[in-house]
Amino acid sequence: MIRIALRMLLGDKLKYAGLVAGLAFATLLITQQGSIFAGFVLRTGAWIRDTGQADLWIMDEQVEFTEDRKTMLDSSLLRVRGVEGVEWAVPMYKAYMPCRLADGRRVIARVIGLDDATLLGAPPIMESGTLAALRQDRGILVDFGDAQDELAVSVARGSSERRPLAIGDRVDLNDHEMVVVGRYQRTAEFFWDPLIYTTYSRALAIAPPERRMLNFVLARVKPGYDHEAVATQISSLTGLQAYTAEGFEERSMDFILRKTGILANFGITIALGFVIGVLISGQLLYNFILDNQRSFAAMKAMGASNFLLLRMVAAQVMFAACVGFGIGVGLTALSGRVLAGSELAFNMAWQVPVFGGVAIVICCLFAALLSISRVLRLEPAVVFKG
Amino acid sequence: MTNIVAGALAVNCRGLTKQYGQGDNAVQALRGIDLQVRTGEMTYLVGPSGCGKTTLISVIAGTLDRSGGSCEVFGEDVASWGERKRAAWRGRNVGFVFQALNLVPTLTAAENVAVPLMILGEGHDKAVRRAEQMLERVDLGARTRSLPAQLSGGQQQRVAIARALVHDPRLVVCDEPTSALDHDTGQRVMELLRVVAASDERALIVVTHDARIFSLADRIAHMDDGRVERIESTPTSRQP
């Protein structure tokens with residue numbers, strides 16, 4: 001009878017197409033918004049992932065996310081190095097500074113100071129120039145994307161035409177003249193301010209003076225030691241926060257989700273997709289059941305049990321859900337490919353289609369419940385009425 | 001299970017009543033029906049619209065509860081059972097020809113006929129093969145893959161008859177089977193029903209007010225206002 005149920009469903013091509021289109025649209029809304037949300041979430045930890053050499057991130061106990069500047073004593077570095085299981089530890093400076101371009105335009109940039117000796121914590125990919133060039137006098141590295149956009153400079157005084165910032169160009173960081181010695185490539189981030197790298201000592205030299213300057217200590221764990229255990233040990237011995245890279249990424253993500261409300265915003269859109277799915281599929285399913293009411297009643301008169309009819313309706317609903325979901329997810333994946341080069345955050349992790357699938361199944365079951373009650377209430381004798 | 005022999009009592013209704021609604025809105029559809037139907041005979045229930053014919057076959061076929069009296073079908077008091085058991089009993093023992101036919105428009109003739117078999121648990125392909133054989137018997141062997149909309153009214157009625165008989169039920173109930181057909185087609189359909197469905201182990205009950213086909217009945221129960229007024233045997237009667 002399942003085959004008969006599907007033949008009944010597929011036989012009415014217009015209604016079937018409408019039902020599948022409704023479910024596909026709901027799936028598209030849910031999974032596309034879910035993918036964009038996942039993309040944003042992933043971007044919150046992009047800088048941590050780009051700083052791939054560090055196993056552990058150590059910071060002041062009040063730091064809540066990557067851009068949170070709460071400094072530590074310089075001696076913190078030495079204390080971390082003294083913890084058993086730490087192979088190496090290097091300082092990192094990070095702060096917002098005013099940046100003036102050659103054409104006089106001013107932007108706020110994030111400046112990162114890397115350990116002078118090792119340059120550990122540097123971005124993974126150089127677009128032009130070399131990382132070692134950072135050791136040149138007043139040297140800075142700028143992001144290739146920022147150089148095309150936020151840090152682009154006018155081709156001539158008074159001209160609105162701009163060119164990318166290039167090696168050899170000069171910029172003022174906190175009123176200190178610096179020279180671009182290379183361009184790197186970074187993963188798109190949640191935060192938008194340009195990210196400029198220099199050495200730790202140079203960063204301290206140009207930064208506004210503070211009693212404490214160190215924000216992060218990056219550490220590598222010796223082989224054979226458990227990362228979490230070493231992080232716990234650092235925390236208990238120094239009173240600082242120590243996270244694995246994943247742990248710091250998670251903490252940053254939690255904070256951003258909590259503070260920005262993007263979870264609620266995307267949640268509303270996803271919930272709307274769910275509601276639209278329920279309404280469209282519920283309406284169409286209800287109409288479908290209504291149109292087939294006499295057929296179901298006739299089957300009931302001919303001996304079909306409520307359970308059998310339930311199975312038939314469930315098969316119809318699940319079939320439509322599978323087809324609609326497949327089309328919807330396909331369209332989401334396609335939109336992801338089309339938008340791949342754009343600024344749009346999009347990450348269709350495996351959790352997104354799984355969540356979308358579960359949502360569509362729940363949506364269909366909910367819609368089916370609305371219509372199935374009509375089938376269950378059917379009096380088989382209704383078929384004798386003309 | 002009751003053993004059926006030719007001329008055995010198939011339906012035995014005593015003082016059968018059925019009331020729809022309650023209080024001031026109550027409508028008494030059946031007012032104490034006494035009716036016996038035997039196997040091997042074709043019994044017509046005739047009478048004006050609203051006299052209770054359809055209600056009576058609904059109760060006999062186990063699709064509607066009675067309000068009072070008794071109604072045994074092949075010795076079983078079907079109304080006393082739960083819906084699940086009653087549905088299973090209907091599936092095995094009753095064949096239906098509905099006034100509106102109720103063929104599923106998106107299924108082929110063979111699939112429509114196969115539905116009662118599939119309800120009984122038979123697989124799709126085997127059920128469709130048996131349905132095709134049944135359609136051969138009603139001269140629709142060439143139209144097994146046609147959709148109902150591609151068939152004439154008479155052909156659709158024959159599909160409905162094939163569906164009512166495909167699972168070899170002991171009781172066949174037909175509700176106004178000729179109401180939508182012209183005289184000649186109606187006559188042919190009823191003759192076919194008689195030829196194909198007639199069996200010493202099967203009882204046929206036909207609700208109709210089409211006087212043109214009365215000659216094909218074995219017995220005719222005349223109803224009015226919820227009662228059987230009189231029962232007459234026709235010359236074709238095969239009553240023992």
# chains A, B, ... in the order shown; residues from 1 in each chain; ligands from 1
call {"tool": "closest_atom_pairs", "arguments": {"of": "chain B", "to": "chain A", "cutoff": "10 Å", "atoms": "only C-alpha atoms", "output": "Markdown table"}}
result
| residue | atom | partner | partner_atom | distance |
| --- | --- | --- | --- | --- |
| B:Thr54 | CA | A:Phe384 | CA | 6.6 |
| B:Thr55 | CA | A:Phe384 | CA | 8.3 |
| B:Ile57 | CA | A:Phe384 | CA | 8.9 |
| B:Ser58 | CA | A:Ala381 | CA | 6.0 |
| B:Val59 | CA | A:Ala381 | CA | 8.6 |
| B:Ala61 | CA | A:Ala301 | CA | 8.6 |
| B:Gly62 | CA | A:Ala301 | CA | 8.4 |
| B:Thr63 | CA | A:Ala381 | CA | 5.1 |
| B:Leu64 | CA | A:Ala381 | CA | 5.9 |
| B:Asp65 | CA | A:Ala381 | CA | 9.6 |
| B:Glu83 | CA | A:Ser305 | CA | 8.3 |
| B:Arg84 | CA | A:Ser305 | CA | 6.2 |
| B:Lys85 | CA | A:Ser305 | CA | 9.0 |
| B:Arg86 | CA | A:Gly303 | CA | 7.8 |
| B:Ala87 | CA | A:Gly303 | CA | 4.3 |
| B:Ala88 | CA | A:Gly303 | CA | 5.3 |
| B:Trp89 | CA | A:Gly303 | CA | 7.1 |
| B:Arg90 | CA | A:Gly303 | CA | 5.1 |
| B:Gly91 | CA | A:Gly303 | CA | 3.8 |
| B:Arg92 | CA | A:Gly303 | CA | 7.6 |
| B:Asn93 | CA | A:Gly303 | CA | 9.3 |
| B:Val94 | CA | A:Met302 | CA | 7.3 |
| B:Gly95 | CA | A:Met302 | CA | 7.1 |
| B:Phe96 | CA | A:Met302 | CA | 7.1 |
| B:Val97 | CA | A:Phe384 | CA | 9.3 |
| B:Phe98 | CA | A:Phe384 | CA | 6.2 |
| B:Gln99 | CA | A:Gly386 | CA | 6.2 |
| B:Ala100 | CA | A:Gly386 | CA | 6.0 |
| B:Leu101 | CA | A:Val383 | CA | 8.9 |
| B:Asn102 | CA | A:Ser295 | CA | 5.9 |
| B:Leu103 | CA | A:Ser295 | CA | 7.0 |
| B:Val104 | CA | A:Ser295 | CA | 5.9 |
| B:Pro105 | CA | A:Gly11 | CA | 8.1 |
| B:Thr106 | CA | A:Gly11 | CA | 4.7 |
| B:Leu107 | CA | A:Arg7 | CA | 6.7 |
| B:Thr108 | CA | A:Arg7 | CA | 9.7 |
| B:Glu111 | CA | A:Ile4 | CA | 7.8 |
| B:Asn112 | CA | A:Ile4 | CA | 9.1 |
| B:Ala114 | CA | A:Ile4 | CA | 9.7 |
| B:Val115 | CA | A:Met1 | CA | 7.7 |
| B:Pro116 | CA | A:Met302 | CA | 6.3 |
| B:Leu117 | CA | A:Met1 | CA | 9.6 |
| B:Met118 | CA | A:Met1 | CA | 6.0 |
| B:Ile119 | CA | A:Ala304 | CA | 5.7 |
| B:Leu120 | CA | A:Gly303 | CA | 7.9 |
| B:Gly121 | CA | A:Met1 | CA | 8.3 |
| B:Glu122 | CA | A:Met1 | CA | 9.1 |
| B:Gly123 | CA | A:Met1 | CA | 8.3 |
| B:His124 | CA | A:Met1 | CA | 7.4 |
| B:Arg163 | CA | A:Met302 | CA | 9.9 |
| B:Ala164 | CA | A:Met302 | CA | 8.8 |
| B:Cys174 | CA | A:Phe384 | CA | 9.4 |
| B:Asp175 | CA | A:Phe384 | CA | 6.9 |
| B:Glu176 | CA | A:Gly386 | CA | 9.2 |
call {"tool": "residues_around", "arguments": {"residues": "range 202-205 of chain B", "least_positions_apart": "4", "cutoff": "8 Å", "atoms": "only C-alpha atoms", "output": "PyMOL selection string"}}
result
chain B and resi 10+37-45+57+169-174+197-198
call {"tool": "closest_residue", "arguments": {"among": "A:Val179, A:Ala109, A:Leu29, A:Ile256", "to": "Trp192 in chain A", "atoms": "only C-alpha atoms"}}
result
A:Ala109
call {"tool": "select_by_dssp", "arguments": {"residues": "range 163-200 of chain B", "states": "alpha helix (DSSP H)", "output": "list of chain:residue names"}}
result
B:Arg163, B:Ala164, B:Leu165, B:His183, B:Asp184, B:Thr185, B:Gly186, B:Gln187, B:Arg188, B:Val189, B:Met190, B:Glu191, B:Leu192, B:Leu193, B:Arg194, B:Val195, B:Val196, B:Ala197
call {"tool": "write_last_selection", "arguments": {"atoms": "N, CA, C and O atoms", "output": "short mmCIF file (atom, residue, chain, number, x, y, z; two decimals), in the first residue's frame"}}
result
data_model
loop_
_atom_site.label_atom_id
_atom_site.label_comp_id
_atom_site.auth_asym_id
_atom_site.auth_seq_id
_atom_site.Cartn_x
_atom_site.Cartn_y
_atom_site.Cartn_z
N ARG B 163 -13.23 -4.65 -8.52
CA ARG B 163 -12.59 -4.36 -7.22
C ARG B 163 -13.38 -4.99 -6.08
O ARG B 163 -12.81 -5.46 -5.09
N ALA B 164 -14.71 -5.02 -6.22
CA ALA B 164 -15.54 -5.58 -5.15
C ALA B 164 -15.40 -7.09 -5.06
O ALA B 164 -15.67 -7.68 -4.01
N LEU B 165 -14.98 -7.71 -6.17
CA LEU B 165 -14.96 -9.18 -6.21
C LEU B 165 -13.57 -9.79 -6.16
O LEU B 165 -13.43 -11.01 -5.96
N HIS B 183 -29.75 3.47 -19.54
CA HIS B 183 -30.49 2.23 -19.31
C HIS B 183 -29.74 1.00 -19.81
O HIS B 183 -29.55 0.02 -19.09
N ASP B 184 -29.29 1.06 -21.06
CA ASP B 184 -28.63 -0.11 -21.65
C ASP B 184 -27.35 -0.47 -20.88
O ASP B 184 -27.11 -1.64 -20.58
N THR B 185 -26.57 0.56 -20.58
CA THR B 185 -25.31 0.30 -19.87
C THR B 185 -25.60 -0.25 -18.47
O THR B 185 -24.96 -1.21 -18.02
N GLY B 186 -26.60 0.35 -17.82
CA GLY B 186 -26.98 -0.11 -16.48
C GLY B 186 -27.42 -1.56 -16.50
O GLY B 186 -27.03 -2.36 -15.64
N GLN B 187 -28.20 -1.91 -17.51
CA GLN B 187 -28.69 -3.28 -17.65
C GLN B 187 -27.51 -4.24 -17.84
O GLN B 187 -27.43 -5.29 -17.20
N ARG B 188 -26.57 -3.83 -18.71
CA ARG B 188 -25.42 -4.70 -18.99
C ARG B 188 -24.55 -4.87 -17.74
O ARG B 188 -24.08 -5.96 -17.43
N VAL B 189 -24.38 -3.77 -16.99
CA VAL B 189 -23.55 -3.82 -15.78
C VAL B 189 -24.17 -4.77 -14.76
O VAL B 189 -23.49 -5.60 -14.16
N MET B 190 -25.50 -4.68 -14.61
CA MET B 190 -26.15 -5.54 -13.61
C MET B 190 -26.14 -7.00 -14.05
O MET B 190 -26.01 -7.90 -13.23
N GLU B 191 -26.27 -7.22 -15.35
CA GLU B 191 -26.18 -8.60 -15.85
C GLU B 191 -24.79 -9.16 -15.59
O GLU B 191 -24.62 -10.30 -15.17
N LEU B 192 -23.81 -8.31 -15.84
CA LEU B 192 -22.43 -8.73 -15.60
C LEU B 192 -22.22 -9.04 -14.11
O LEU B 192 -21.62 -10.06 -13.76
N LEU B 193 -22.75 -8.15 -13.26
CA LEU B 193 -22.61 -8.37 -11.82
C LEU B 193 -23.22 -9.71 -11.44
O LEU B 193 -22.64 -10.47 -10.67
N ARG B 194 -24.36 -9.97 -12.02
CA ARG B 194 -25.05 -11.22 -11.70
C ARG B 194 -24.21 -12.41 -12.16
O ARG B 194 -24.04 -13.39 -11.42
N VAL B 195 -23.65 -12.31 -13.35
CA VAL B 195 -22.87 -13.43 -13.92
C VAL B 195 -21.58 -13.63 -13.13
O VAL B 195 -21.22 -14.75 -12.74
N VAL B 196 -20.90 -12.53 -12.89
CA VAL B 196 -19.57 -12.63 -12.28
C VAL B 196 -19.64 -12.88 -10.78
O VAL B 196 -18.85 -13.65 -10.22
N ALA B 197 -20.61 -12.22 -10.14
CA ALA B 197 -20.62 -12.27 -8.67
C ALA B 197 -21.44 -13.42 -8.12
O ALA B 197 -21.24 -13.83 -6.97
#
call {"tool": "closest_residue", "arguments": {"among": "A:Ile30, A:Glu189, A:Gly328, A:Leu237", "to": "Met253 in chain A", "atoms": "only C-alpha atoms"}}
result
A:Glu189
call {"tool": "select_by_dssp", "arguments": {"residues": "range 22-216 of chain A", "states": "strand (DSSP E or B)", "output": "PyMOL selection string"}}
result
chain A and resi 56-59+72+86-100+106-114+125-129+139-143+153-154+162-163+170-173+176-185+195-199+214+216
call {"tool": "atom_distance", "arguments": {"atom1": "CA of Val207 in chain B", "atom2": "CA of Asp168 in chain B"}}
result
20.3 Å
call {"tool": "residues_around", "arguments": {"residues": "Leu240 in chain A", "least_positions_apart": "2", "cutoff": "10 Å", "atoms": "only C-alpha atoms", "output": "PyMOL selection string"}}
result
chain A and resi 58-63+72+76+80+231-232+234-238+242-243
call {"tool": "write_last_selection", "arguments": {"atoms": "all heavy atoms", "output": "compact mmCIF listing (two decimals), in the first residue's frame"}}
result
# COMPACT_ATOMS: atom_id res chain seq x y z
N ILE A 58 47.52 31.87 26.25
CA ILE A 58 47.46 32.26 27.66
C ILE A 58 47.17 33.77 27.71
O ILE A 58 47.77 34.55 26.94
CB ILE A 58 48.79 31.94 28.39
CG1 ILE A 58 49.01 30.41 28.35
CG2 ILE A 58 48.75 32.42 29.83
CD1 ILE A 58 49.96 29.95 27.35
N MET A 59 46.25 34.14 28.60
CA MET A 59 45.83 35.55 28.65
C MET A 59 45.33 35.88 30.05
O MET A 59 45.17 34.97 30.89
CB MET A 59 44.72 35.78 27.61
CG MET A 59 43.47 34.99 27.88
SD MET A 59 42.54 34.58 26.42
CE MET A 59 43.43 33.20 25.74
N ASP A 60 45.05 37.16 30.26
CA ASP A 60 44.51 37.59 31.54
C ASP A 60 43.18 36.88 31.81
O ASP A 60 42.43 36.58 30.88
CB ASP A 60 44.31 39.12 31.52
CG ASP A 60 43.80 39.63 32.84
OD1 ASP A 60 44.64 39.83 33.74
OD2 ASP A 60 42.58 39.81 32.98
N GLU A 61 42.90 36.69 33.08
CA GLU A 61 41.72 35.89 33.41
C GLU A 61 40.41 36.58 33.02
O GLU A 61 39.36 35.93 32.97
CB GLU A 61 41.71 35.57 34.91
CG GLU A 61 41.66 36.79 35.79
CD GLU A 61 41.67 36.46 37.27
OE1 GLU A 61 41.56 35.27 37.59
OE2 GLU A 61 41.80 37.39 38.07
N GLN A 62 40.46 37.89 32.73
CA GLN A 62 39.22 38.58 32.38
C GLN A 62 38.96 38.66 30.86
O GLN A 62 37.94 39.16 30.42
CB GLN A 62 39.25 40.00 32.94
CG GLN A 62 39.17 40.03 34.47
CD GLN A 62 39.24 41.45 34.99
OE1 GLN A 62 38.82 42.40 34.34
NE2 GLN A 62 39.78 41.60 36.18
N VAL A 63 39.91 38.18 30.07
CA VAL A 63 39.74 38.25 28.61
C VAL A 63 38.60 37.34 28.18
O VAL A 63 38.50 36.19 28.61
CB VAL A 63 41.05 37.84 27.89
CG1 VAL A 63 40.81 37.68 26.38
CG2 VAL A 63 42.12 38.88 28.14
N MET A 72 48.73 41.77 30.77
CA MET A 72 49.34 40.97 31.85
C MET A 72 50.72 41.56 32.17
O MET A 72 51.29 42.32 31.37
CB MET A 72 49.55 39.53 31.40
CG MET A 72 48.33 38.82 30.92
SD MET A 72 48.73 37.18 30.31
CE MET A 72 49.31 37.53 28.67
N SER A 76 54.68 37.28 33.21
CA SER A 76 53.78 36.14 32.93
C SER A 76 54.42 35.19 31.92
O SER A 76 54.25 33.97 32.00
CB SER A 76 52.45 36.64 32.37
OG SER A 76 51.86 37.52 33.27
N VAL A 80 54.99 31.20 32.44
CA VAL A 80 54.44 30.17 31.54
C VAL A 80 55.56 29.24 31.08
O VAL A 80 55.41 28.01 31.04
CB VAL A 80 53.72 30.81 30.34
CG1 VAL A 80 53.35 29.75 29.29
CG2 VAL A 80 52.47 31.55 30.79
N ALA A 231 47.35 23.13 29.94
CA ALA A 231 46.60 24.39 30.08
C ALA A 231 46.08 24.54 31.51
O ALA A 231 46.19 25.62 32.10
CB ALA A 231 45.45 24.41 29.08
N THR A 232 45.55 23.47 32.06
CA THR A 232 45.05 23.51 33.44
C THR A 232 46.18 23.81 34.41
O THR A 232 46.02 24.60 35.35
CB THR A 232 44.40 22.14 33.79
OG1 THR A 232 43.45 21.83 32.78
CG2 THR A 232 43.70 22.17 35.14
N ILE A 234 48.97 25.46 33.74
CA ILE A 234 49.36 26.87 33.60
C ILE A 234 48.38 27.76 34.38
O ILE A 234 48.80 28.65 35.12
CB ILE A 234 49.39 27.28 32.11
CG1 ILE A 234 50.54 26.58 31.38
CG2 ILE A 234 49.52 28.80 31.95
CD1 ILE A 234 50.54 26.74 29.87
N SER A 235 47.08 27.46 34.23
CA SER A 235 46.06 28.28 34.92
C SER A 235 46.25 28.22 36.43
O SER A 235 46.20 29.24 37.12
CB SER A 235 44.66 27.78 34.56
OG SER A 235 44.40 28.05 33.23
N SER A 236 46.49 27.00 36.93
CA SER A 236 46.57 26.87 38.39
C SER A 236 47.87 27.48 38.95
O SER A 236 47.88 28.02 40.04
CB SER A 236 46.44 25.39 38.80
OG SER A 236 47.54 24.68 38.30
N LEU A 237 48.95 27.45 38.15
CA LEU A 237 50.22 27.98 38.65
C LEU A 237 50.38 29.48 38.45
O LEU A 237 51.10 30.14 39.20
CB LEU A 237 51.39 27.25 37.97
CG LEU A 237 51.56 25.77 38.35
CD1 LEU A 237 52.67 25.13 37.53
CD2 LEU A 237 51.86 25.64 39.84
N THR A 238 49.70 30.04 37.41
CA THR A 238 49.92 31.45 37.11
C THR A 238 48.71 32.33 37.41
O THR A 238 48.83 33.55 37.45
CB THR A 238 50.26 31.63 35.61
OG1 THR A 238 49.12 31.19 34.85
CG2 THR A 238 51.47 30.82 35.20
N ALA A 242 44.33 29.83 30.42
CA ALA A 242 45.07 29.13 29.36
C ALA A 242 44.09 28.23 28.62
O ALA A 242 43.36 27.47 29.24
CB ALA A 242 46.20 28.32 29.97
N TYR A 243 44.06 28.40 27.31
CA TYR A 243 43.13 27.62 26.48
C TYR A 243 43.90 26.92 25.38
O TYR A 243 44.92 27.43 24.90
CB TYR A 243 42.12 28.53 25.79
CG TYR A 243 41.11 29.17 26.71
CD1 TYR A 243 41.20 30.51 27.03
CD2 TYR A 243 40.06 28.43 27.25
CE1 TYR A 243 40.27 31.11 27.86
CE2 TYR A 243 39.13 29.02 28.08
CZ TYR A 243 39.24 30.37 28.38
OH TYR A 243 38.33 30.94 29.21
call {"tool": "residues_around", "arguments": {"residues": "Ile125 in chain A", "least_positions_apart": "6", "cutoff": "12 Å", "atoms": "only C-alpha atoms", "output": "ChimeraX atom specification"}}
result
/A:50-52,131,141-144,182-187
call {"tool": "atom_distance", "arguments": {"atom1": "CA of Ser252 in chain A", "atom2": "CA of Leu218 in chain A"}}
result
16.3 Å
call {"tool": "decode", "arguments": {"residues": "range 264-323 of chain A", "atoms": "C-alpha atoms", "output": "PDB file, in the first residue's frame"}}
result
ATOM      1  CA  ALA A 264      18.703  35.265  17.957  1.00  0.00           C
ATOM      2  CA  ASN A 265      18.604  37.074  14.606  1.00  0.00           C
ATOM      3  CA  PHE A 266      19.490  34.011  12.570  1.00  0.00           C
ATOM      4  CA  GLY A 267      17.334  31.904  14.865  1.00  0.00           C
ATOM      5  CA  ILE A 268      14.334  34.047  13.950  1.00  0.00           C
ATOM      6  CA  THR A 269      15.011  33.658  10.210  1.00  0.00           C
ATOM      7  CA  ILE A 270      15.490  29.917  10.582  1.00  0.00           C
ATOM      8  CA  ALA A 271      12.322  29.698  12.680  1.00  0.00           C
ATOM      9  CA  LEU A 272      10.515  31.679   9.967  1.00  0.00           C
ATOM     10  CA  GLY A 273      11.718  29.143   7.406  1.00  0.00           C
ATOM     11  CA  PHE A 274      10.342  26.413   9.624  1.00  0.00           C
ATOM     12  CA  VAL A 275       6.992  28.187  10.042  1.00  0.00           C
ATOM     13  CA  ILE A 276       6.740  28.846   6.295  1.00  0.00           C
ATOM     14  CA  GLY A 277       7.532  25.193   5.677  1.00  0.00           C
ATOM     15  CA  VAL A 278       4.850  24.076   8.108  1.00  0.00           C
ATOM     16  CA  LEU A 279       2.292  26.493   6.686  1.00  0.00           C
ATOM     17  CA  ILE A 280       2.938  25.695   3.020  1.00  0.00           C
ATOM     18  CA  SER A 281       3.329  21.965   3.410  1.00  0.00           C
ATOM     19  CA  GLY A 282       0.533  21.831   5.994  1.00  0.00           C
ATOM     20  CA  GLN A 283      -1.838  23.683   3.696  1.00  0.00           C
ATOM     21  CA  LEU A 284      -0.927  21.582   0.649  1.00  0.00           C
ATOM     22  CA  LEU A 285      -0.966  18.323   2.569  1.00  0.00           C
ATOM     23  CA  TYR A 286      -4.303  19.194   4.076  1.00  0.00           C
ATOM     24  CA  ASN A 287      -5.702  19.944   0.618  1.00  0.00           C
ATOM     25  CA  PHE A 288      -4.187  16.745  -0.705  1.00  0.00           C
ATOM     26  CA  ILE A 289      -5.798  14.742   2.082  1.00  0.00           C
ATOM     27  CA  LEU A 290      -9.065  16.576   1.560  1.00  0.00           C
ATOM     28  CA  ASP A 291      -8.991  15.756  -2.166  1.00  0.00           C
ATOM     29  CA  ASN A 292      -8.262  12.119  -1.395  1.00  0.00           C
ATOM     30  CA  GLN A 293     -10.619  11.902   1.547  1.00  0.00           C
ATOM     31  CA  ARG A 294     -13.124   9.723  -0.309  1.00  0.00           C
ATOM     32  CA  SER A 295     -10.367   7.413  -1.507  1.00  0.00           C
ATOM     33  CA  PHE A 296      -9.103   7.024   2.052  1.00  0.00           C
ATOM     34  CA  ALA A 297     -12.659   6.512   3.311  1.00  0.00           C
ATOM     35  CA  ALA A 298     -13.237   3.882   0.612  1.00  0.00           C
ATOM     36  CA  MET A 299     -10.047   2.101   1.680  1.00  0.00           C
ATOM     37  CA  LYS A 300     -11.212   2.301   5.277  1.00  0.00           C
ATOM     38  CA  ALA A 301     -14.537   0.751   4.282  1.00  0.00           C
ATOM     39  CA  MET A 302     -12.653  -1.938   2.345  1.00  0.00           C
ATOM     40  CA  GLY A 303     -10.787  -2.908   5.500  1.00  0.00           C
ATOM     41  CA  ALA A 304      -7.797  -0.582   5.753  1.00  0.00           C
ATOM     42  CA  SER A 305      -6.942   0.060   9.380  1.00  0.00           C
ATOM     43  CA  ASN A 306      -6.128   3.487  10.762  1.00  0.00           C
ATOM     44  CA  PHE A 307      -2.556   2.280  11.184  1.00  0.00           C
ATOM     45  CA  LEU A 308      -2.314   1.387   7.499  1.00  0.00           C
ATOM     46  CA  LEU A 309      -3.720   4.774   6.484  1.00  0.00           C
ATOM     47  CA  LEU A 310      -1.280   6.473   8.864  1.00  0.00           C
ATOM     48  CA  ARG A 311       1.587   4.620   7.231  1.00  0.00           C
ATOM     49  CA  MET A 312       0.343   5.660   3.797  1.00  0.00           C
ATOM     50  CA  VAL A 313       0.118   9.334   4.745  1.00  0.00           C
ATOM     51  CA  ALA A 314       3.488   9.123   6.522  1.00  0.00           C
ATOM     52  CA  ALA A 315       5.050   7.608   3.390  1.00  0.00           C
ATOM     53  CA  GLN A 316       3.583  10.388   1.246  1.00  0.00           C
ATOM     54  CA  VAL A 317       4.812  13.065   3.631  1.00  0.00           C
ATOM     55  CA  MET A 318       8.284  11.602   4.054  1.00  0.00           C
ATOM     56  CA  PHE A 319       8.699  11.104   0.308  1.00  0.00           C
ATOM     57  CA  ALA A 320       7.752  14.720  -0.360  1.00  0.00           C
ATOM     58  CA  ALA A 321      10.022  15.794   2.517  1.00  0.00           C
ATOM     59  CA  CYS A 322      12.997  13.858   1.096  1.00  0.00           C
ATOM     60  CA  VAL A 323      12.552  15.270  -2.408  1.00  0.00           C
TER      61      VAL A 323
END
